[in-house]
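To keep things clear, I will list the structure first and then write my remarks on it.
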Amino acid sequence: MLVITLNKTIYEYDIHSIVKAFFPEKTVKVVTPDTDREKAVELAGAAEALQGSVEFADSLVMFCLAGQSYDWNWMEELPAGTEAFSQEYKDAFKGFLYQCLCEYTGKTLPWGNMTGIRPTKIAMSLLLEGKSHEEIMAYYQDKHYVSEEKARLSIDIAERERKLLSTLHYEDGYSLYIGIPFCPTTCLYCSFTSYPIAAHKKRVEQYIDCLIKEMDYVREVYKDKILDTVYIGGGTPTTLEADQLDRLITALKERFDFNTVQEFTVEAGRADSITREKLEVLYRHGVDRISVNPQTMNQCTLDTIGRRHTVEQVMEAYQMARETGFTNINMDLILGLPGEDVAEVTHTIEEVQKLNPDSLTVHSLAIKRASRLAQWIQSHGISCIHNTDETMSIAVEGARSMDMKPYYLYRQKNMSGNFENVGYAREGKFGIYNILIMEELQTIVALGAGSITKLVCPDGRIERCDNVKDVELYINQIDEMIERKRALLSE
């Protein structure tokens, strides 16, 4: 354990994120004056804990870790007139903390001191301001200590995103997300809202009824707006039976004008939920982009993470999708899964290349506290998790060999190797919705349990409203969910 004690309740999230990135093998606790006193005393006195502290004073900040101290006289380093705890102060403090940890550990991080999940938003906003590539590179490297490789990747993706999004209707348009929170089983690494379908089969029809009720409201309130993209995700949408998928999408297309829809995606997802009949339903309804997601092509790993399907089933599901007629198929992979290193990642990429999908989303494993993986690591040790420059390079080269280019990127907290998730695709096969959810440039109306609607206001502000995560509560409180949307969308 690593315990960082603060003398002020400020920047806890950023401090935790930066420290955790340097010490992924440790449980990091940040203690503030607001921390429960008994808990604070317990953590401060933990014999096995590596102790650290941050002291904020009038002109000086002191960071101490395991007896090593570092001072920052911010009044001497920042421009005259900078106020304590302003945004400029916060950015500079994160830089100070990052440099201290670099010196203490002897290592740097590919994304420097960046703690947000959308690093390409910086490049996008600076491009829109008319900044040159050189100026944007300098911003990433001088202000956030981002590596040259990651800064160039961000700029490359932002340029591609800007071109792809140029045809969308930002002010008079929107996108629609429909969440299906059911899965065959819950994977070891997963912390998303998902429920084993076997235990909820009797509620699925009522759940679809509630989705349709939300559709009715959105159709009415947004009848004068243009629908650009539709995304059905989860969970695993294909846990629904073929007739249930048919009912859901029939209701959707009866209520919304699909003549303007530029992309209609369904996450077909896990191979053990995909059947030919379900694929035919999706194809008949005009779904033009689907995912068949193995995460790995190593059977031992699939068994460890609880996917409950075989590599052969992945291949069969993929071939069925091609035979059905789909010409835009994505595959998701996760690097850093338990026990996987260079040999396993190489094997996965080689098997994916044989299938030759149209796009590939490469995730770096994120260790979520709410997932069973966190407990698994406590039992087996963090040394079982390997995500390195070498494994990332194998995936990048694999995507390039299939003529794919990076088109969207995001990061998550507690990512193995402090890397990122990147979507690669061939020309004309880019996932527009994926870019929208990251760049937050268009309103996305979200239906279903655990989904979050994001309203992009004319002044650039983003307002949100969420649906309850629990399926039973969502069904029982559907009218309240609609009222939440009414309060938000009426703006």
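By order of appearance in the structure tokens: chains A, B, ..., then residues from 1 within every chain, and ligands from 1 in the order shown.
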
Taking only region 64-297 of chain A into account, list the residues labelled helix (DSSP H, G or I) by DSSP (computed from the backbone), as an MDAnalysis selection string. chainID A and resid 74:77 87:105 120:128 133:144 148:167 197:221 237:239 242:255 258:260 271:273 276:284

Among region 106-189 of chain A, which residues does DSSP mark as strand (DSSP E or B) when it is run on the backbone? Keep the chain and numbering as in the structure and answer as JSON, numbers by chain. {"A": [173, 174, 175, 176, 177, 178, 179, 180, 182, 183]}

Find the residues around region 284-289 of chain A up to 6 Å (only C-alpha atoms counted), leave out those fewer than 4 positions away in its own chain, and share them as a list of chain:residue names. A:Phe264, A:Thr265, A:Glu280, A:Asn328, A:Ile329

Please provide the set of residues having any atom within 12 Å of Tyr174 (chain A), restricted to only C-alpha atoms, with same-chain residues fewer than 4 positions apart removed, written as an MDAnalysis selection string. chainID A and resid 168:170 218:219 221:231 256 260:262 433 436:437 440:446 453:457 489

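Nearest to Glu472 (chain A) of all the residues A:Leu101, A:Val204, A:Leu50, A:Ile305 is A:Val204, based on only C-alpha atoms.
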
Might you pull out every residue within 12 Å of Asp389 (chain A), with only C-alpha atoms counted and same-chain residues fewer than 2 positions away left off, and present them as a list in words?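 Once the nearby chain positions are removed, what remains is Leu109, Pro110, Glu149, Lys150, Leu335, Gly336, Asp341, Val342, Ser364, His386, Asn387, Thr391, Met392, Ser393, Ile394, Ala395, Val396, Glu397, Ser416, Gly417, Asn418, Phe419 and Glu420 of chain A.
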
Could you write out the selected residues, including C-alpha atoms, as a tab-separated table (two decimals), in the first residue's frame?
chain	number	residue	atom	x	y	z
A	109	LEU	CA	5.22	7.77	-18.42
A	110	PRO	CA	4.09	7.77	-22.08
A	149	GLU	CA	5.12	9.27	-30.00
A	150	LYS	CA	1.88	9.80	-28.06
A	335	LEU	CA	-3.64	-6.22	-24.06
A	336	GLY	CA	-2.38	-7.05	-20.58
A	341	ASP	CA	2.95	-11.54	-22.89
A	342	VAL	CA	4.68	-11.17	-26.25
A	364	SER	CA	-5.05	-1.67	-22.62
A	386	HIS	CA	2.15	-7.61	-18.86
A	387	ASN	CA	1.47	-4.61	-21.05
A	391	THR	CA	3.12	-5.78	-26.89
A	392	MET	CA	1.59	-2.44	-27.91
A	393	SER	CA	3.89	-2.34	-30.95
A	394	ILE	CA	2.81	-5.84	-31.99
A	395	ALA	CA	-0.82	-4.69	-32.05
A	396	VAL	CA	0.01	-1.45	-33.87
A	397	GLU	CA	1.99	-3.26	-36.56
A	416	SER	CA	-1.83	-1.30	-17.35
A	417	GLY	CA	1.40	0.25	-18.63
A	418	ASN	CA	-0.19	3.74	-18.53
A	419	PHE	CA	-1.09	3.27	-22.19
A	420	GLU	CA	-4.36	3.87	-24.06

List as a list in words the protein and nucleic acid residues near Asp246 (chain A), meaning an atom at most 12 Å away when only C-alpha atoms are counted, but skip any in the same chain fewer than 5 places from it. Ile208, Pro237, Thr238, Leu240, Glu241, Ala251, Leu252, Lys253, Glu254, Glu277, Lys278, Leu279, Glu280, Val281, Leu282, Tyr283, Arg284, His285, Gly286 and Val287 of chain A

Writing out the chosen residues with N, CA and C atoms as a short mmCIF file (atom, residue, chain, number, x, y, z; two decimals), in the first residue's frame:
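Just written: selection.cif:
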data_model
loop_
_atom_site.label_atom_id
_atom_site.label_comp_id
_atom_site.auth_asym_id
_atom_site.auth_seq_id
_atom_site.Cartn_x
_atom_site.Cartn_y
_atom_site.Cartn_z
N ILE A 208 -37.50 -4.17 -22.86
CA ILE A 208 -37.69 -3.64 -24.22
C ILE A 208 -38.88 -2.69 -24.25
N PRO A 237 -25.68 -6.88 -26.65
CA PRO A 237 -27.01 -6.82 -27.28
C PRO A 237 -27.51 -8.14 -27.82
N THR A 238 -26.59 -9.00 -28.31
CA THR A 238 -27.04 -10.26 -28.89
C THR A 238 -27.36 -11.33 -27.84
N LEU A 240 -30.07 -10.84 -26.43
CA LEU A 240 -31.49 -10.87 -26.79
C LEU A 240 -31.72 -11.96 -27.83
N GLU A 241 -32.89 -12.58 -27.77
CA GLU A 241 -33.24 -13.56 -28.79
C GLU A 241 -33.50 -12.85 -30.12
N ALA A 251 -39.29 -1.33 -33.70
CA ALA A 251 -39.84 -0.17 -32.98
C ALA A 251 -38.97 1.07 -33.21
N LEU A 252 -37.67 0.87 -33.20
CA LEU A 252 -36.73 1.98 -33.41
C LEU A 252 -36.93 2.61 -34.78
N LYS A 253 -37.02 1.79 -35.81
CA LYS A 253 -37.11 2.33 -37.17
C LYS A 253 -38.51 2.87 -37.49
N GLU A 254 -39.50 2.43 -36.74
CA GLU A 254 -40.85 3.01 -36.90
C GLU A 254 -40.93 4.41 -36.32
N GLU A 277 -29.34 -16.63 -37.05
CA GLU A 277 -30.67 -16.00 -37.06
C GLU A 277 -30.60 -14.57 -36.56
N LYS A 278 -29.83 -14.33 -35.50
CA LYS A 278 -29.69 -12.98 -34.97
C LYS A 278 -28.97 -12.07 -35.97
N LEU A 279 -27.92 -12.59 -36.60
CA LEU A 279 -27.19 -11.80 -37.60
C LEU A 279 -28.10 -11.44 -38.77
N GLU A 280 -28.95 -12.36 -39.17
CA GLU A 280 -29.88 -12.08 -40.28
C GLU A 280 -30.88 -11.00 -39.91
N VAL A 281 -31.31 -10.97 -38.65
CA VAL A 281 -32.21 -9.90 -38.19
C VAL A 281 -31.51 -8.55 -38.30
N LEU A 282 -30.27 -8.48 -37.80
CA LEU A 282 -29.52 -7.22 -37.85
C LEU A 282 -29.29 -6.76 -39.29
N TYR A 283 -28.92 -7.69 -40.14
CA TYR A 283 -28.64 -7.34 -41.54
C TYR A 283 -29.91 -6.88 -42.25
N ARG A 284 -31.00 -7.57 -42.00
CA ARG A 284 -32.28 -7.21 -42.64
C ARG A 284 -32.74 -5.81 -42.24
N HIS A 285 -32.39 -5.39 -41.03
CA HIS A 285 -32.80 -4.07 -40.54
C HIS A 285 -31.80 -2.97 -40.92
N GLY A 286 -30.80 -3.30 -41.69
CA GLY A 286 -29.89 -2.27 -42.18
C GLY A 286 -28.76 -1.89 -41.23
N VAL A 287 -28.49 -2.73 -40.24
CA VAL A 287 -27.31 -2.48 -39.39
C VAL A 287 -26.08 -2.60 -40.28
#

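Closest to Pro406 (chain A) among A:Arg461, A:His347, A:Arg152, A:Lys20 is A:Arg152, based on only C-alpha atoms.
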
List as a list in words the protein and nucleic acid residues near region 269-274 of chain A, meaning an atom at most 8 Å away when only C-alpha atoms are counted, but skip any in the same chain fewer than 2 places from it.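 The contact residues come out as Pro184, Thr236, Pro237, Thr238, Thr239, Glu267, Arg276, Lys278, Leu279, Ser291, Val292, Asn293, Pro294, Arg307, Arg308, His309, Gln313, Val314 and Ala317 of chain A.
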
Min atom-atom distance to Gln51 (chain A) from the set A:Val3, A:Leu409, A:Phe96, A:Ser86, counting only C-alpha atoms, belongs to A:Val3
